[in-house]
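Each remark here refers to the structure printed beneath this line.
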Amino acid sequence: MSKEVVLSGIRPTGFLHLGNYFGAMRNYVRMQDEYNCYFFVADWHSLTTHPDTKELRTSVNRVLAENIACGLDPEKVALYIQSDVPEIAELYLYLNMLAYKGELEKVPTFKDKVRLSPDNVNAGLLTYPVLMASDILIHRATKVPVGKDQEQHLEMARNFAERFNHRYGEVFPLPYAFNFQTSLAKIMSLDGNGKMSKSENAMGTLYLNDSEEEIIKKIKKAKTDSGPTESNSVKPDYIENLFTLMRLVSKEDVTAKFESDFNNCFIRYGDMKKQLAEDMAAFIAPIREKAQSIQNDEAYLSKITKAGAEKARESASATLKLVRQAMHMNH
Ligand code: ADP
Ligand code: TRP
């Protein structure tokens, strides 16, 4: 039996952060031995919000380098740049005919972006979920490792796939968001406002490129309060987030000690943050160092993306052939 197809992408819109790592990349790395994996840098998607392309090449290289530094093996997966695979754009065109303005306008990420940049509500932004569906369906992928914020986009991808299958014949299996834990990851910002993110909230976000001093400074400033007054209280969001981070990077007994301090109302957040900062700095250092050592090696990175694009185009053109056949467009 052939292996199940996995696909995911990251936009080159800034430095990668812990949310990207735990929501996406950590799962990529775990999946690479078992599945037929395609991972890509979504440069077309970045144009919907970042039309200035002066920094794009540097950003693309950094995302590639950070993926490899996190443990992705370009020998095992197809690692490519979205714009190197023109077949995606053709599928996007067909799927656009099956996507309705009303449903696209209702997508929460679209509404957020309209609110943030009311002067740049372009058609590409509106059809962002259609392009994303094309990224996935072009390889007939079924598992999509992403963070919780992408759930709605996956639901739309399933809708477009079903609509296509219904109208033209069965071509696409249905894709689902995937995470090894029971629920999809969401890493909140350290200041308690929203999620860690590439382009907003730099002080509340821990980047894979942050130095030890920056990590310590940001965690020291993380939002806390005067501590619980009743034993076994429910943790406020921002405190739960510190525990989430600690569970991800600290030893189990260390986390257990602070959990029990919290439950007994003994907790000293200063001590907890000091421990978390130390463990976080140790966790990020090897990723940062490895990424920095490869991100300027153009020759190495372009060799990888060329091979990745070749593999991706082979799978993409096989799907397009089925699409055109189903649509009676194989003249
Ligand atoms: P950003 O939102 O920071 O610009 P992307 O939109 O490019 O990042 O997201 C790339 C991947 O990282 C997606 O799978 C997304 O779900 C995941 N991701 C982004 N931010 C977080 C977060 N704070 N927590 C969990 N996963 C996240
Ligand atoms: N929309 C995703 C994000 O903002 C990035 C992305 C583009 C993606 N195409 C994709 C993720 C296909 C998974 C599959 O994070």
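For the structure tokens, the naming scheme is as follows: chains receive sequential letters (A, B, ...) according to their order of presentation, residues are indexed from 1 within each chain, and ligands are indexed from 1 in presentation order.
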
### Task
Please identify the residues whose atoms come within 8 Å of ligand 1, using only C-alpha atoms and all ligand atoms, and report them as a ChimeraX atom specification.
/A:8-14,16-25,42,145-150,184-189,195-199

### Query
Could you pull out all residues of region 224-301 of chain A with a DSSP call of alpha helix (DSSP H) and give them as a count of residues only?
55

### Task
With a distance cut-off of 12 Å and only C-alpha atoms, select the neighbouring residues of Gly270 (chain A), excluding the residue or stretch itself and same-chain residues fewer than 6 positions from it, and output the selection as a PyMOL selection string.
chain A and resi 216+219-227+242+258+276-277

Got time to write the residues from that selection, all heavy atoms, as a short mmCIF file (atom, residue, chain, number, x, y, z; two decimals), in the first residue's frame?
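Writing the result to part_30.cif gives the following:
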data_model
loop_
_atom_site.label_atom_id
_atom_site.label_comp_id
_atom_site.auth_asym_id
_atom_site.auth_seq_id
_atom_site.Cartn_x
_atom_site.Cartn_y
_atom_site.Cartn_z
N ILE A 216 15.69 35.35 28.09
CA ILE A 216 15.58 35.62 29.53
C ILE A 216 14.77 36.89 29.78
O ILE A 216 13.86 36.92 30.61
CB ILE A 216 16.98 35.71 30.18
CG1 ILE A 216 17.64 34.32 30.12
CG2 ILE A 216 16.90 36.22 31.61
CD1 ILE A 216 19.09 34.27 30.51
N ILE A 219 10.96 36.31 29.00
CA ILE A 219 10.25 35.46 29.97
C ILE A 219 10.12 36.20 31.31
O ILE A 219 9.10 36.11 31.99
CB ILE A 219 10.93 34.08 30.10
CG1 ILE A 219 10.76 33.33 28.77
CG2 ILE A 219 10.33 33.28 31.27
CD1 ILE A 219 11.31 31.93 28.74
N LYS A 220 11.16 36.95 31.67
CA LYS A 220 11.10 37.74 32.91
C LYS A 220 9.90 38.70 32.88
O LYS A 220 9.25 38.92 33.90
CB LYS A 220 12.39 38.55 33.02
CG LYS A 220 12.86 38.74 34.42
CD LYS A 220 14.22 39.38 34.39
CE LYS A 220 14.73 39.62 35.78
NZ LYS A 220 16.09 40.17 35.73
N LYS A 221 9.63 39.26 31.70
CA LYS A 221 8.54 40.22 31.57
C LYS A 221 7.17 39.58 31.38
O LYS A 221 6.16 40.29 31.31
CB LYS A 221 8.79 41.13 30.37
CG LYS A 221 9.91 42.11 30.57
CD LYS A 221 9.62 43.40 29.80
CE LYS A 221 10.56 44.48 30.24
NZ LYS A 221 11.15 45.21 29.16
N ALA A 222 7.12 38.26 31.25
CA ALA A 222 5.85 37.59 30.95
C ALA A 222 4.82 37.93 32.03
O ALA A 222 5.16 38.08 33.21
CB ALA A 222 6.05 36.08 30.88
N LYS A 223 3.58 38.01 31.60
CA LYS A 223 2.51 38.40 32.53
C LYS A 223 2.28 37.32 33.61
O LYS A 223 2.13 36.14 33.29
CB LYS A 223 1.23 38.60 31.72
CG LYS A 223 0.03 38.96 32.56
CD LYS A 223 -1.14 39.40 31.70
CE LYS A 223 -2.33 39.68 32.60
NZ LYS A 223 -3.49 40.11 31.86
N THR A 224 2.26 37.75 34.88
CA THR A 224 1.84 36.86 35.98
C THR A 224 0.96 37.69 36.92
O THR A 224 0.58 38.81 36.57
CB THR A 224 3.05 36.31 36.79
OG1 THR A 224 3.86 37.40 37.18
CG2 THR A 224 3.85 35.30 36.00
N ASP A 225 0.70 37.14 38.11
CA ASP A 225 -0.10 37.91 39.07
C ASP A 225 0.42 37.59 40.46
O ASP A 225 1.54 37.07 40.61
CB ASP A 225 -1.59 37.58 38.91
CG ASP A 225 -1.82 36.08 38.91
OD1 ASP A 225 -1.06 35.36 39.60
OD2 ASP A 225 -2.76 35.60 38.23
N SER A 226 -0.35 37.86 41.50
CA SER A 226 0.19 37.62 42.84
C SER A 226 0.02 36.17 43.30
O SER A 226 0.35 35.84 44.43
CB SER A 226 -0.47 38.59 43.82
OG SER A 226 -1.86 38.46 43.68
N GLY A 227 -0.50 35.32 42.42
CA GLY A 227 -0.58 33.90 42.75
C GLY A 227 -1.95 33.51 43.27
O GLY A 227 -2.74 34.38 43.65
N LEU A 242 2.38 29.62 30.64
CA LEU A 242 3.74 29.40 31.16
C LEU A 242 3.94 27.92 31.49
O LEU A 242 5.00 27.35 31.24
CB LEU A 242 4.00 30.25 32.41
CG LEU A 242 4.08 31.77 32.20
CD1 LEU A 242 4.35 32.47 33.53
CD2 LEU A 242 5.18 32.12 31.19
N PHE A 258 6.50 22.74 40.20
CA PHE A 258 5.79 24.03 40.12
C PHE A 258 4.27 23.84 40.09
O PHE A 258 3.54 24.64 40.64
CB PHE A 258 6.30 24.86 38.93
CG PHE A 258 7.68 25.42 39.16
CD1 PHE A 258 8.80 24.87 38.55
CD2 PHE A 258 7.86 26.49 40.03
CE1 PHE A 258 10.07 25.38 38.80
CE2 PHE A 258 9.12 27.01 40.28
CZ PHE A 258 10.23 26.45 39.66
N LEU A 276 12.19 28.45 33.76
CA LEU A 276 11.68 28.32 32.39
C LEU A 276 12.63 28.99 31.40
O LEU A 276 12.94 28.44 30.34
CB LEU A 276 10.28 28.95 32.29
CG LEU A 276 9.63 28.94 30.92
CD1 LEU A 276 9.43 27.52 30.40
CD2 LEU A 276 8.28 29.67 30.94
N ALA A 277 13.13 30.18 31.76
CA ALA A 277 14.04 30.91 30.86
C ALA A 277 15.30 30.08 30.59
O ALA A 277 15.77 29.98 29.46
CB ALA A 277 14.41 32.25 31.47
#

### Task
Compile the contact shell of Gly71 (chain A) as a list in words: residues with an atom at most 12 Å away, counting only C-alpha atoms, same-chain residues fewer than 4 positions apart removed.
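Residues near the query, excluding close chain neighbours: Tyr21, Met25, Arg26, Asn27, Tyr28, Val29, Arg30, Met31, Gln32, Asp33, Leu64, Ala65, Glu66, Asn67, Glu75, Lys76, Val77, Pro286, Ile287, Lys290 and Ala291 of chain A.
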
Could you dump the residues just selected with C-alpha atoms as an mmCIF file, in the first residue's frame?
data_model
loop_
_atom_site.group_PDB
_atom_site.id
_atom_site.type_symbol
_atom_site.label_atom_id
_atom_site.label_comp_id
_atom_site.auth_asym_id
_atom_site.auth_seq_id
_atom_site.Cartn_x
_atom_site.Cartn_y
_atom_site.Cartn_z
ATOM 1 C CA TYR A 21 7.653 24.976 16.238
ATOM 2 C CA MET A 25 7.460 21.874 12.715
ATOM 3 C CA ARG A 26 7.727 19.434 15.579
ATOM 4 C CA ASN A 27 4.976 17.392 13.955
ATOM 5 C CA TYR A 28 6.646 17.585 10.544
ATOM 6 C CA VAL A 29 9.791 16.048 11.974
ATOM 7 C CA ARG A 30 7.902 13.227 13.663
ATOM 8 C CA MET A 31 5.990 12.419 10.488
ATOM 9 C CA GLN A 32 8.879 12.318 8.063
ATOM 10 C CA ASP A 33 9.758 8.640 8.546
ATOM 11 C CA LEU A 64 14.092 26.755 4.930
ATOM 12 C CA ALA A 65 17.130 26.879 7.220
ATOM 13 C CA GLU A 66 14.981 26.881 10.361
ATOM 14 C CA ASN A 67 12.979 23.892 9.134
ATOM 15 C CA GLU A 75 16.477 13.567 1.836
ATOM 16 C CA LYS A 76 13.284 12.172 3.347
ATOM 17 C CA VAL A 77 10.766 14.872 2.448
ATOM 18 C CA PRO A 286 21.073 24.438 19.070
ATOM 19 C CA ILE A 287 18.235 25.309 16.644
ATOM 20 C CA LYS A 290 22.269 25.398 13.205
ATOM 21 C CA ALA A 291 19.855 27.685 11.321
#
